[in-house]
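Peer 1: Input: one structure, supplied below.
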Amino acid sequence: MPQYQELPCGGQELDIDTALKDGILGGAPELGDAMAGDGGKQPVELRKMMDELDAAGDGGGDEAVPAVFICPISLEPMVDPVTLCTGQTYESANISRWLALGHRTCPTTMQELWDVTPIPNTTLRQLIAAWFSRRYTRFKKRSADFHGRAAELVHGLRGTAVPKRQPLKGQARVAALRELRSLATNHQSVTKAIAEAGGVALLTSLLGPFTSHAVGSEAVAILVSGVPLDADAKAALMQPAKVSLLVDMLNEGAVDTKINCVRLIRILMDEKGFRPETVASLSLLVGVMRLVRDKRHPDGVGAGLELLSSICAVHRPARCLIVSIGAVPQLVELLIELPTECVEPALDILDALAIIPEGRIALKDCPWTIPNAVRLLMRVSEACTQRALSMLWVVCRMTPEESAPAALDAGLGAKLLLVIQSGCGPELKQQASELLKLCTLNCTSTVFISKCKLTKTIQ
């Protein structure tokens with residue numbers, strides 16, 4: 001049958017089956033035809049292809065998914081399109097749920113349906129299958145090329161390439177590692193190929209006391225890109241010489257390198273055999289705090305806070321070191337400027353440091369503790385409110401005559417009343433009540449009423 005058939009009006013009509021078979025619509029003949037011939041199996045196979053492409057970040061490749069393939073209800077590509085009497089097409093499962101709810105209108109046009117029976121849109125289903133089949137075939141070919149190139153780079157770095165060659169050195173090694181990092185970062189499936197080629201042992205062996213930062217930064221970036229690290233690899237990375245290199249790069253490397261070093265240390269801390277004293281290093285803690293204070297790089301702030309929080313949780317002696325480098329006033333001052341997702345980890349760290357005497361004294365001596373803690377009440381989350389109340393309780397208990405009036409000046413009274421009247425948990429309300437009582441015991445009733453801005457309410 002010809003691809004185009006002449007119409008009486010002089011135009012041409014495209015024959016869908018012939019176009020799909022000949023690839024005019026971008027179909028992969030062998031896969032598209034096989035799927036088109038099995039209507040019951042097709043949606044399942046098509047969904048598997050879509051899921052694999054999405055997982056790899058290649059849902060449409062260089063091309064956007066055609067709008068006609070998108071269900072107006074879910075805004076996702078359809079696998080089993082059906083058409084209503086209004087001419088609008090939807091994913092079968094989505095429109096079935098709409099009709100099951102008792103709706104008798106078209107979701108897109110809101111026209112009343114004179115026939116509620118959806119009609120399978122076989123033509124569109126074939127087009128969708130052909131388009132994604134082509135995309136899937138290209139994706140698989142690219143993936144095979146990427147995997148092969150990654151394995152080739154690993155063998156070149158190890159000196160196990162065929163034909164036999166010496167391991168890459170100098171700038172050639174750096175260039176190979178940089179290309180390998182790019183592959184691992186942009187194509188997640190490549191990380192498995194790196195591991196299968198012996199890349200983890202190679203990257204671990206490259207880190208040591210005589211490793212240049214150029215090589216070390218690339219190796220660390222690959223290790224945190226998702227390459228699977230087993231217990232042996234983590235144990236090797238926890239050797240003092242390798243940790244020392246990570247600390248050096250954390251203090252002297254570029255921002256991306258610092259972030260990757262922090263992430264690798266955090267990964268190592270999850271290992272059962274991790275030794276807490278490994279992170280009890282002033283140089284490491286100073287480097288992490290520098291990263292946290294660099295507000296130009298939110299990813300670094302979040303990674304640094306997560307590592308500090310983990311260190312406080314697993315190694316209590318390190319808390320004294322964290323306080324000694326001035327972390328408390330620095331974190332307190334940053335609280336108001338941090339991204340919302342970083343506030344809770346920062347408060348967790350301050351809460352852990354407040355357990356030791358040095359941490360409590362640092363909180364009391366910081367001029368920003370009271371005003372910033374008051375500002376955080378009822379702002380981010382209930383957990384943040386609880387942490388902020390704990391900070392205020394510590395400071396007000398230490399010097400009630402001085403701190404309670406200062407807290408009321410900062411607006412604590414009104415905030416505490418708001419907490420008590422809110423839907424927060426009973427423990428949090430009890431904590432707010434006790435702090436409010438402490439404030440009332442350290443100022444006159446007139447001052448308390450004026451500070452809480454309750455005069456108009458009483459009148």
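Residues in the structure tokens are named by chain (A, B, ... in the order shown) and by number from 1 within that chain; ligands are numbered from 1 in the order shown.
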Tell me, as number ranges by chain, which residues lie within 12 Å of Met289 (chain A), counting only C-alpha atoms; anything in the same chain fewer than 2 positions away does not count.
Peer 2: A: 250-251, 258-259, 262, 282-287, 291-295, 300-309, 321-331, 334, 346
Peer 1: Mind checking which residues fall within 8 Å of Phe69 (chain A), counting only C-alpha atoms, ignoring those fewer than 6 positions away in the same chain, and posting them as a PyMOL selection string?
Peer 2: chain A and resi 77-78+124+128
Peer 1: Determine, counting only C-alpha atoms, which protein, DNA and RNA residues have an atom within 12 Å of an atom of Met391 (chain A); residues of the same chain fewer than 6 positions away are not included. Present the result as a PyMOL selection string.
Peer 2: chain A and resi 328+332+347-355+359-364+366+368-374+376-377+384-385+397-398+403+407+431-432+435
Peer 1: Near region 417-430 of chain A, within 12 Å and counting only C-alpha atoms, which residues show up once chain neighbours fewer than 5 positions away are dropped, as a ChimeraX atom specification?
Peer 2: /A:374,376-379,381-390,408,411-412,435-437,449,452-454
Peer 1: Work out how far apart CA of Met49 (chain A) and CA of Asn94 (chain A) are and give it in Å to one decimal.
Peer 2: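 Atom-to-atom, CA of Met49 (chain A) and CA of Asn94 (chain A) are spaced 19.8 Å apart.
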Peer 1: Which one of A:Val247, A:Ala193, A:Leu113, A:Val279 sits closest to Ala144 (chain A) if you count only C-alpha atoms?
Peer 2: A:Ala193
Peer 1: I'd like to know which of A:Ser217, A:Thr278, A:Gln126, A:Thr191 is closest to Ser244 (chain A), using only C-alpha atoms.
Peer 2: A:Thr278
